[in-house]
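The block underneath contains the structure these notes are about, expressed in structure tokens.
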Amino acid sequence: MRPISALLVIGSALVAPALSASPVAAQSTPTIDKILERGQVTIGHRPSSPPFGYVNDKGEVVGYTVEICRYVVEQLKTALNRPDLRTAYVPADPSNRIPLVQNGTIDLECATTGNTVERQKIVAFSYSTIFPDARFAVRRSSGIASVKDLKGRSVAVLQGTVQQRQLTELDRELKLGIKPVLAKDTAENFLLLETGRVDAALNDPILLSTYIAKSRDAADLTFVPDWSGQPENDAIMMAKGDDRFRSLVNAAIKKMMDSGEFTKNYEKWLMAPPYNLPMNEALKKQMANPTDDPTTL
């Protein structure tokens with residue numbers, strides 16, 4: 001492997017410093033060595049989860065979280081003194097995202113993955129980048145106007161997600177007898193609802209709004225008004241045990257927040273139709289004092 005001749009000195013794995021245009025020598029790490037050997041940073045992305053990550057009509061990988069990772073890669077080029085680093089993209093979904101990080105196939109998983117205490121045992125996370133909740137999308141014509149109306153109904157939910165656990169806990173608490181139907185991604189999650197194979201779809205309402213807006217049945221689709229899940233601390237996922245690399249990633253995110261580029265990226269993707277979603281207080285606080293605290297779920 002190539003030696004690292006120029007790296008930003010990191011004083012602490014938990015406190016990310018500002019990135020410098022003049023990096024200095026530092027020790028290598030497994031992830032950084034792999035990046036330098038390959039000559040590329042490999043980003044794991046969702047192919048069909050707009051606005052966070054998806055493949056557009058031109059075949060380009062784009063989205064809110066993808067753009068954050070692109071910014072991180074540009075900062076890594078400076079920190080590692082490797083302006084020639086390429087960016088590669090690998091599709092990842094809730095069922096394979098953690099194994100792809102663990103086996104080194106991807107360096108940064110740039111999607112909508114909740115930072116949880118359980119996941120922190122096997123992977124690491126950056127500063128949180130968004131705080132979404134979970135909602136039930138239903139058809140108005142279904143007669144489901146309240147969460148209690150889900151009694152005995154089928155609900156599509158993404159496999160291996162915090163939402164799946166939330167659905168289990170809600171079902172246990174209210175004794176609803178919900179029939180979960182597991183989906184591999186948001187596109188399938190919504191398709192199950194749109195085609196009538198389930199009575200409701202549980203997911204991030206930002207993600208579902210994209211599909212609702214494009215659906216021929218948009219006027220018949222809405223969200224159950226009396227329940228939402230506790231907001232998740234979504235973050236960029238990476239290999240566990242490489243604190244120096246995580247510090248470089250966090251330093252880049254903090255720079256993006258401090259420079260105003262983070263806000264511009266939010267406005268581009270989430271304040272445009274069909275979302276028109278102002279930044280919530282949780283994300284504003286995160287920008288002022290970024291942390292990598294896990295979701296308390």
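Residues are referred to by chain and number: the chain letter is A, B, ... according to the order shown in the structure tokens, the number counts from 1 in that chain, and ligands are numbered separately from 1 in the order shown.
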Report task. Write out as a ChimeraX atom specification the residues lying within 10 Å of Arg86 (chain A), counting only C-alpha atoms and excluding same-chain residues fewer than 5 positions away. Result -> /A:35,38-42,73-74,77
Any chance you could export the current selection's N, CA and C atoms as an mmCIF file, in the first residue's frame?
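The result, written out as again.cif:
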```cif
data_model
loop_
_atom_site.group_PDB
_atom_site.id
_atom_site.type_symbol
_atom_site.label_atom_id
_atom_site.label_comp_id
_atom_site.auth_asym_id
_atom_site.auth_seq_id
_atom_site.Cartn_x
_atom_site.Cartn_y
_atom_site.Cartn_z
ATOM 1 N N ILE A 35 -8.355 3.426 0.350
ATOM 2 C CA ILE A 35 -8.708 4.498 -0.582
ATOM 3 C C ILE A 35 -7.511 4.888 -1.434
ATOM 4 N N ARG A 38 -6.613 2.031 -3.945
ATOM 5 C CA ARG A 38 -7.566 1.960 -5.057
ATOM 6 C C ARG A 38 -7.566 3.220 -5.903
ATOM 7 N N GLY A 39 -7.175 4.329 -5.276
ATOM 8 C CA GLY A 39 -7.244 5.610 -5.971
ATOM 9 C C GLY A 39 -8.665 6.119 -6.089
ATOM 10 N N GLN A 40 -9.540 5.677 -5.207
ATOM 11 C CA GLN A 40 -10.934 6.106 -5.267
ATOM 12 C C GLN A 40 -11.618 5.970 -3.918
ATOM 13 N N VAL A 41 -12.662 6.774 -3.736
ATOM 14 C CA VAL A 41 -13.573 6.655 -2.602
ATOM 15 C C VAL A 41 -14.848 6.028 -3.142
ATOM 16 N N THR A 42 -15.290 4.958 -2.507
ATOM 17 C CA THR A 42 -16.472 4.246 -2.987
ATOM 18 C C THR A 42 -17.673 4.601 -2.115
ATOM 19 N N VAL A 73 -15.844 13.928 -0.141
ATOM 20 C CA VAL A 73 -14.774 13.397 -0.997
ATOM 21 C C VAL A 73 -13.836 14.512 -1.446
ATOM 22 N N GLU A 74 -14.386 15.666 -1.803
ATOM 23 C CA GLU A 74 -13.537 16.790 -2.213
ATOM 24 C C GLU A 74 -12.613 17.221 -1.079
ATOM 25 N N LYS A 77 -9.765 14.736 -0.659
ATOM 26 C CA LYS A 77 -8.698 14.935 -1.647
ATOM 27 C C LYS A 77 -7.642 15.889 -1.109
#
```
Residue contacts of region 45-61 of chain A (7 Å, only C-alpha atoms) excluding same-chain residues fewer than 4 positions away, as a PDB file with N, CA and C atoms, in the first residue's frame:
```pdb
ATOM      1  N   THR A  65     -28.209  13.364   0.285  1.00  0.00           N
ATOM      2  CA  THR A  65     -27.098  12.758   1.020  1.00  0.00           C
ATOM      3  C   THR A  65     -25.918  12.472   0.109  1.00  0.00           C
ATOM      4  N   VAL A  66     -26.186  12.145  -1.136  1.00  0.00           N
ATOM      5  CA  VAL A  66     -25.105  11.928  -2.107  1.00  0.00           C
ATOM      6  C   VAL A  66     -24.268  13.197  -2.262  1.00  0.00           C
ATOM      7  N   TYR A  89     -19.475   4.497  -7.362  1.00  0.00           N
ATOM      8  CA  TYR A  89     -20.781   4.348  -6.736  1.00  0.00           C
ATOM      9  C   TYR A  89     -21.230   2.887  -6.777  1.00  0.00           C
ATOM     10  N   VAL A  90     -21.731   2.417  -5.646  1.00  0.00           N
ATOM     11  CA  VAL A  90     -22.228   1.048  -5.527  1.00  0.00           C
ATOM     12  C   VAL A  90     -23.636   1.101  -4.943  1.00  0.00           C
ATOM     13  N   PRO A  91     -24.637   0.521  -5.603  1.00  0.00           N
ATOM     14  CA  PRO A  91     -25.995   0.501  -5.042  1.00  0.00           C
ATOM     15  C   PRO A  91     -26.031  -0.262  -3.720  1.00  0.00           C
ATOM     16  N   ALA A  92     -26.785   0.262  -2.769  1.00  0.00           N
ATOM     17  CA  ALA A  92     -26.936  -0.391  -1.466  1.00  0.00           C
ATOM     18  C   ALA A  92     -28.374  -0.232  -1.008  1.00  0.00           C
ATOM     19  N   ASP A  93     -28.909  -1.262  -0.362  1.00  0.00           N
ATOM     20  CA  ASP A  93     -30.271  -1.181   0.161  1.00  0.00           C
ATOM     21  C   ASP A  93     -30.258  -1.618   1.623  1.00  0.00           C
ATOM     22  N   GLU A 109     -21.451   5.014   3.258  1.00  0.00           N
ATOM     23  CA  GLU A 109     -22.816   4.663   2.873  1.00  0.00           C
ATOM     24  C   GLU A 109     -23.662   5.912   3.014  1.00  0.00           C
ATOM     25  N   CYS A 110     -24.082   6.430   1.860  1.00  0.00           N
ATOM     26  CA  CYS A 110     -24.681   7.769   1.798  1.00  0.00           C
ATOM     27  C   CYS A 110     -26.148   7.652   1.433  1.00  0.00           C
ATOM     28  N   ALA A 111     -26.966   7.355   2.432  1.00  0.00           N
ATOM     29  CA  ALA A 111     -28.387   7.129   2.179  1.00  0.00           C
ATOM     30  C   ALA A 111     -29.193   7.754   3.302  1.00  0.00           C
ATOM     31  N   THR A 112     -30.089   6.995   3.886  1.00  0.00           N
ATOM     32  CA  THR A 112     -30.894   7.464   5.019  1.00  0.00           C
ATOM     33  C   THR A 112     -30.854   6.389   6.086  1.00  0.00           C
ATOM     34  N   THR A 186     -37.552   1.840  -0.946  1.00  0.00           N
ATOM     35  CA  THR A 186     -38.703   2.736  -0.915  1.00  0.00           C
ATOM     36  C   THR A 186     -39.596   2.555  -2.133  1.00  0.00           C
ATOM     37  N   ALA A 187     -38.999   2.297  -3.293  1.00  0.00           N
ATOM     38  CA  ALA A 187     -39.797   2.102  -4.508  1.00  0.00           C
ATOM     39  C   ALA A 187     -40.761   0.929  -4.338  1.00  0.00           C
ATOM     40  N   LEU A 207     -39.503  10.674   1.693  1.00  0.00           N
ATOM     41  CA  LEU A 207     -39.303   9.706   0.621  1.00  0.00           C
ATOM     42  C   LEU A 207     -40.625   9.363  -0.065  1.00  0.00           C
ATOM     43  N   THR A 210     -42.289  11.868  -2.724  1.00  0.00           N
ATOM     44  CA  THR A 210     -41.817  11.843  -4.109  1.00  0.00           C
ATOM     45  C   THR A 210     -42.700  10.935  -4.954  1.00  0.00           C
ATOM     46  N   TRP A 269     -32.677  20.436  -2.301  1.00  0.00           N
ATOM     47  CA  TRP A 269     -33.361  19.161  -2.368  1.00  0.00           C
ATOM     48  C   TRP A 269     -34.655  19.096  -1.575  1.00  0.00           C
TER      49      TRP A 269
END
```
Per residue of region 98-182 of chain A within 12 Å of region 273-281 of chain A, note the shortest atom pair and the distance in Å to one decimal, counting only C-alpha atoms, and order the rows by chain and increasing residue number, as JSON lines.
```
{"residue": "A:Thr129", "atom": "CA", "partner": "A:Met279", "partner_atom": "CA", "distance": 11.4}
{"residue": "A:Ile130", "atom": "CA", "partner": "A:Asn280", "partner_atom": "CA", "distance": 9.2}
{"residue": "A:Phe131", "atom": "CA", "partner": "A:Asn280", "partner_atom": "CA", "distance": 8.1}
{"residue": "A:Pro132", "atom": "CA", "partner": "A:Asn280", "partner_atom": "CA", "distance": 9.3}
{"residue": "A:Asp133", "atom": "CA", "partner": "A:Asn280", "partner_atom": "CA", "distance": 11.2}
```
Taking only residues of region 215-247 of chain A that have an atom at most 8 Å from an atom of region 137-147 of chain A, what is each one's shortest atom pair and its distance in Å to one decimal, using only C-alpha atoms, in chain and number order, as CSV?
```
residue,atom,partner,partner_atom,distance
A:Asp220,CA,A:Arg140,CA,5.2
A:Leu221,CA,A:Arg139,CA,4.6
A:Thr222,CA,A:Ala137,CA,5.6
A:Phe223,CA,A:Ala137,CA,4.4
A:Val224,CA,A:Ser146,CA,5.8
A:Pro225,CA,A:Ser146,CA,6.7
A:Asp226,CA,A:Ser146,CA,6.0
A:Trp227,CA,A:Val147,CA,6.5
```
With C-alpha atoms retained, export the selected residues as an mmCIF file, in the first residue's frame.
```
data_model
loop_
_atom_site.group_PDB
_atom_site.id
_atom_site.type_symbol
_atom_site.label_atom_id
_atom_site.label_comp_id
_atom_site.auth_asym_id
_atom_site.auth_seq_id
_atom_site.Cartn_x
_atom_site.Cartn_y
_atom_site.Cartn_z
ATOM 1 C CA ASP A 220 -56.326 9.430 -3.083
ATOM 2 C CA LEU A 221 -53.087 9.177 -1.090
ATOM 3 C CA THR A 222 -52.443 10.818 2.259
ATOM 4 C CA PHE A 223 -50.742 10.286 5.636
ATOM 5 C CA VAL A 224 -52.391 9.096 8.835
ATOM 6 C CA PRO A 225 -52.553 12.330 10.856
ATOM 7 C CA ASP A 226 -52.434 11.099 14.460
ATOM 8 C CA TRP A 227 -49.121 9.226 14.581
#
```
**Report entry** Using only C-alpha atoms: which of A:Val249, A:Ala200, A:Val155, A:Met237 has the shortest distance to Gly104 (chain A)
**Finding:**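 Under the stated criterion, the closest residue is A:Met237.
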Report task. Write down as number ranges by chain the residues of region 56-286 of chain A whose backbone DSSP state falls under strand (DSSP E or B). Result -> A: 61-62, 86-91, 108-114, 116, 123-130, 135-139, 154-158, 179-183, 200-203, 221-223, 234-239
**Report entry** DSSP-assigned helix (DSSP H, G or I) among region 71-204 of chain A, expressed as an MDAnalysis selection string
**Finding:** chainID A and resid 71:79 97:102 119:121 140:142 147:150 162:174 186:194
Find the residues around Ser154 (chain A) up to 9 Å (only C-alpha atoms counted), leave out those fewer than 5 positions away in its own chain, and share them as an mmCIF file with C-alpha atoms, in the first residue's frame.
```
data_model
loop_
_atom_site.group_PDB
_atom_site.id
_atom_site.type_symbol
_atom_site.label_atom_id
_atom_site.label_comp_id
_atom_site.auth_asym_id
_atom_site.auth_seq_id
_atom_site.Cartn_x
_atom_site.Cartn_y
_atom_site.Cartn_z
ATOM 1 C CA ILE A 178 -50.844 -5.566 11.958
ATOM 2 C CA LYS A 179 -49.588 -7.806 9.144
ATOM 3 C CA PRO A 180 -46.139 -6.523 8.106
ATOM 4 C CA VAL A 181 -45.032 -6.928 4.495
ATOM 5 C CA ARG A 197 -51.228 -5.236 -2.099
ATOM 6 C CA VAL A 198 -51.057 -3.567 1.312
ATOM 7 C CA ASP A 199 -53.327 -1.176 3.184
ATOM 8 C CA ALA A 200 -50.567 1.199 4.314
ATOM 9 C CA ALA A 201 -46.881 1.939 3.798
#
```
**Report entry** Surrounding residues of region 254-265 of chain A excluding itself and chain neighbours under 2 positions, 7 Å, only C-alpha atoms, as a list in words
**Finding:** Ala18, Tyr64, Asn250, Ala251, Ala252, Glu267, Lys268, Trp269 and Met287 of chain A
Can I get the selected residues back with C-alpha atoms, as a compact mmCIF listing (two decimals), in the first residue's frame?
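To be explicit, this is the file written out as out-v8.txt:
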```txt
# COMPACT_ATOMS: atom_id res chain seq x y z
CA ALA A 18 -11.46 22.29 10.40
CA TYR A 64 -29.34 15.23 -0.80
CA ASN A 250 -16.82 14.77 10.37
CA ALA A 251 -14.41 17.63 9.75
CA ALA A 252 -15.67 17.86 6.17
CA GLU A 267 -32.70 24.10 0.17
CA LYS A 268 -31.94 22.56 -3.23
CA TRP A 269 -33.36 19.16 -2.37
CA MET A 287 -25.59 22.59 12.40
```
Requested in this report: Could you check which of A:Asn96, A:Asn115, A:Asn289, A:Thr161 is closest to Ile253 (chain A), using only C-alpha atoms?
Outcome: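 Ranking A:Asn96, A:Asn115, A:Asn289, A:Thr161 by distance to Ile253 (chain A), first place goes to A:Asn289.
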Report task. Identify, on the basis of only C-alpha atoms, every residue whose closest approach to Ala239 (chain A) does not exceed 10 Å; exclude the query and any residue fewer than 4 positions from it along the same chain; express the result as number ranges by chain. Result -> A: 30-31, 98, 100-104, 106-109, 120, 122-125, 243, 245-246
Please, could you write that set of residues out with N, CA and C atoms as a PDB file, in the first residue's frame?
```pdb
ATOM      1  N   PRO A  30      -6.809   1.723   8.109  1.00  0.00           N
ATOM      2  CA  PRO A  30      -7.270   0.740   7.125  1.00  0.00           C
ATOM      3  C   PRO A  30      -8.082   1.350   5.990  1.00  0.00           C
ATOM      4  N   THR A  31      -9.033   2.221   6.316  1.00  0.00           N
ATOM      5  CA  THR A  31      -9.873   2.798   5.270  1.00  0.00           C
ATOM      6  C   THR A  31      -9.072   3.730   4.384  1.00  0.00           C
ATOM      7  N   ILE A  98     -25.106  -2.764   5.535  1.00  0.00           N
ATOM      8  CA  ILE A  98     -24.144  -2.995   6.607  1.00  0.00           C
ATOM      9  C   ILE A  98     -23.062  -3.995   6.182  1.00  0.00           C
ATOM     10  N   LEU A 100     -21.916  -4.481   3.213  1.00  0.00           N
ATOM     11  CA  LEU A 100     -21.056  -3.806   2.242  1.00  0.00           C
ATOM     12  C   LEU A 100     -20.059  -2.878   2.919  1.00  0.00           C
ATOM     13  N   VAL A 101     -20.468  -2.276   4.031  1.00  0.00           N
ATOM     14  CA  VAL A 101     -19.542  -1.447   4.809  1.00  0.00           C
ATOM     15  C   VAL A 101     -18.541  -2.336   5.542  1.00  0.00           C
ATOM     16  N   GLN A 102     -19.029  -3.389   6.150  1.00  0.00           N
ATOM     17  CA  GLN A 102     -18.166  -4.263   6.945  1.00  0.00           C
ATOM     18  C   GLN A 102     -17.094  -4.958   6.110  1.00  0.00           C
ATOM     19  N   ASN A 103     -17.451  -5.353   4.881  1.00  0.00           N
ATOM     20  CA  ASN A 103     -16.468  -6.075   4.069  1.00  0.00           C
ATOM     21  C   ASN A 103     -15.599  -5.154   3.212  1.00  0.00           C
ATOM     22  N   GLY A 104     -15.791  -3.848   3.370  1.00  0.00           N
ATOM     23  CA  GLY A 104     -14.926  -2.891   2.691  1.00  0.00           C
ATOM     24  C   GLY A 104     -15.296  -2.590   1.261  1.00  0.00           C
ATOM     25  N   ILE A 106     -17.756  -0.678   0.270  1.00  0.00           N
ATOM     26  CA  ILE A 106     -18.002   0.763   0.216  1.00  0.00           C
ATOM     27  C   ILE A 106     -17.323   1.444   1.404  1.00  0.00           C
ATOM     28  N   ASP A 107     -16.869   2.668   1.165  1.00  0.00           N
ATOM     29  CA  ASP A 107     -16.200   3.457   2.208  1.00  0.00           C
ATOM     30  C   ASP A 107     -17.180   4.349   2.952  1.00  0.00           C
ATOM     31  N   LEU A 108     -18.176   4.871   2.231  1.00  0.00           N
ATOM     32  CA  LEU A 108     -19.177   5.762   2.812  1.00  0.00           C
ATOM     33  C   LEU A 108     -20.551   5.318   2.331  1.00  0.00           C
ATOM     34  N   GLU A 109     -21.451   5.014   3.258  1.00  0.00           N
ATOM     35  CA  GLU A 109     -22.816   4.663   2.873  1.00  0.00           C
ATOM     36  C   GLU A 109     -23.662   5.912   3.014  1.00  0.00           C
ATOM     37  N   GLN A 120     -24.162   0.833  16.182  1.00  0.00           N
ATOM     38  CA  GLN A 120     -22.840   1.312  16.552  1.00  0.00           C
ATOM     39  C   GLN A 120     -21.934   0.199  17.063  1.00  0.00           C
ATOM     40  N   ILE A 122     -21.377  -2.462  15.448  1.00  0.00           N
ATOM     41  CA  ILE A 122     -20.755  -3.138  14.304  1.00  0.00           C
ATOM     42  C   ILE A 122     -20.292  -2.190  13.200  1.00  0.00           C
ATOM     43  N   VAL A 123     -20.786  -0.940  13.202  1.00  0.00           N
ATOM     44  CA  VAL A 123     -20.354   0.052  12.213  1.00  0.00           C
ATOM     45  C   VAL A 123     -20.216   1.403  12.917  1.00  0.00           C
ATOM     46  N   ALA A 124     -19.698   2.389  12.190  1.00  0.00           N
ATOM     47  CA  ALA A 124     -19.541   3.734  12.738  1.00  0.00           C
ATOM     48  C   ALA A 124     -20.368   4.720  11.930  1.00  0.00           C
ATOM     49  N   PHE A 125     -20.618   5.901  12.522  1.00  0.00           N
ATOM     50  CA  PHE A 125     -21.440   6.918  11.874  1.00  0.00           C
ATOM     51  C   PHE A 125     -20.783   8.290  11.977  1.00  0.00           C
ATOM     52  N   ASP A 243     -11.262   5.526  13.599  1.00  0.00           N
ATOM     53  CA  ASP A 243     -11.660   6.832  14.126  1.00  0.00           C
ATOM     54  C   ASP A 243     -10.996   7.994  13.399  1.00  0.00           C
ATOM     55  N   PHE A 245     -10.293   8.191  10.158  1.00  0.00           N
ATOM     56  CA  PHE A 245     -11.067   8.422   8.939  1.00  0.00           C
ATOM     57  C   PHE A 245     -12.402   9.072   9.284  1.00  0.00           C
ATOM     58  N   ARG A 246     -13.063   8.589  10.330  1.00  0.00           N
ATOM     59  CA  ARG A 246     -14.336   9.187  10.750  1.00  0.00           C
ATOM     60  C   ARG A 246     -14.155  10.659  11.121  1.00  0.00           C
TER      61      ARG A 246
END
```
Requested in this report: Go ahead and compute the interatomic distance for CA of Cys69 (chain A) and CA of Thr296 (chain A), in Å to one decimal.
Outcome: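 Between CA of Cys69 (chain A) and CA of Thr296 (chain A) the gap is 24.6 Å.
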Query raised in the report: Which of these residues is nearest to Thr78 (chain A), using only C-alpha atoms: A:Pro94, A:Leu248, A:Leu150, A:Val162?
Result: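 Selected residue with least distance to Thr78 (chain A): A:Leu248.
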Query raised in the report: In terms of the shortest atom-to-atom distance over only C-alpha atoms, which of A:Phe136, A:Pro99, A:Ile212, A:Ala235 is closest to Ile68 (chain A)?
Result: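 Selected residue with least distance to Ile68 (chain A): A:Ala235.
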Query raised in the report: Out of A:Arg119, A:Lys175, A:Lys214, A:Arg153, which residue has the shortest atom-to-atom distance to Gly196 (chain A) when counting only C-alpha atoms?
Result: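 For Gly196 (chain A), the nearest of the candidates is A:Arg153.
Closest to Leu85 (chain A) among A:Gly63, A:Gln164, A:Lys34, A:Tyr127 is A:Lys34, based on only C-alpha atoms.
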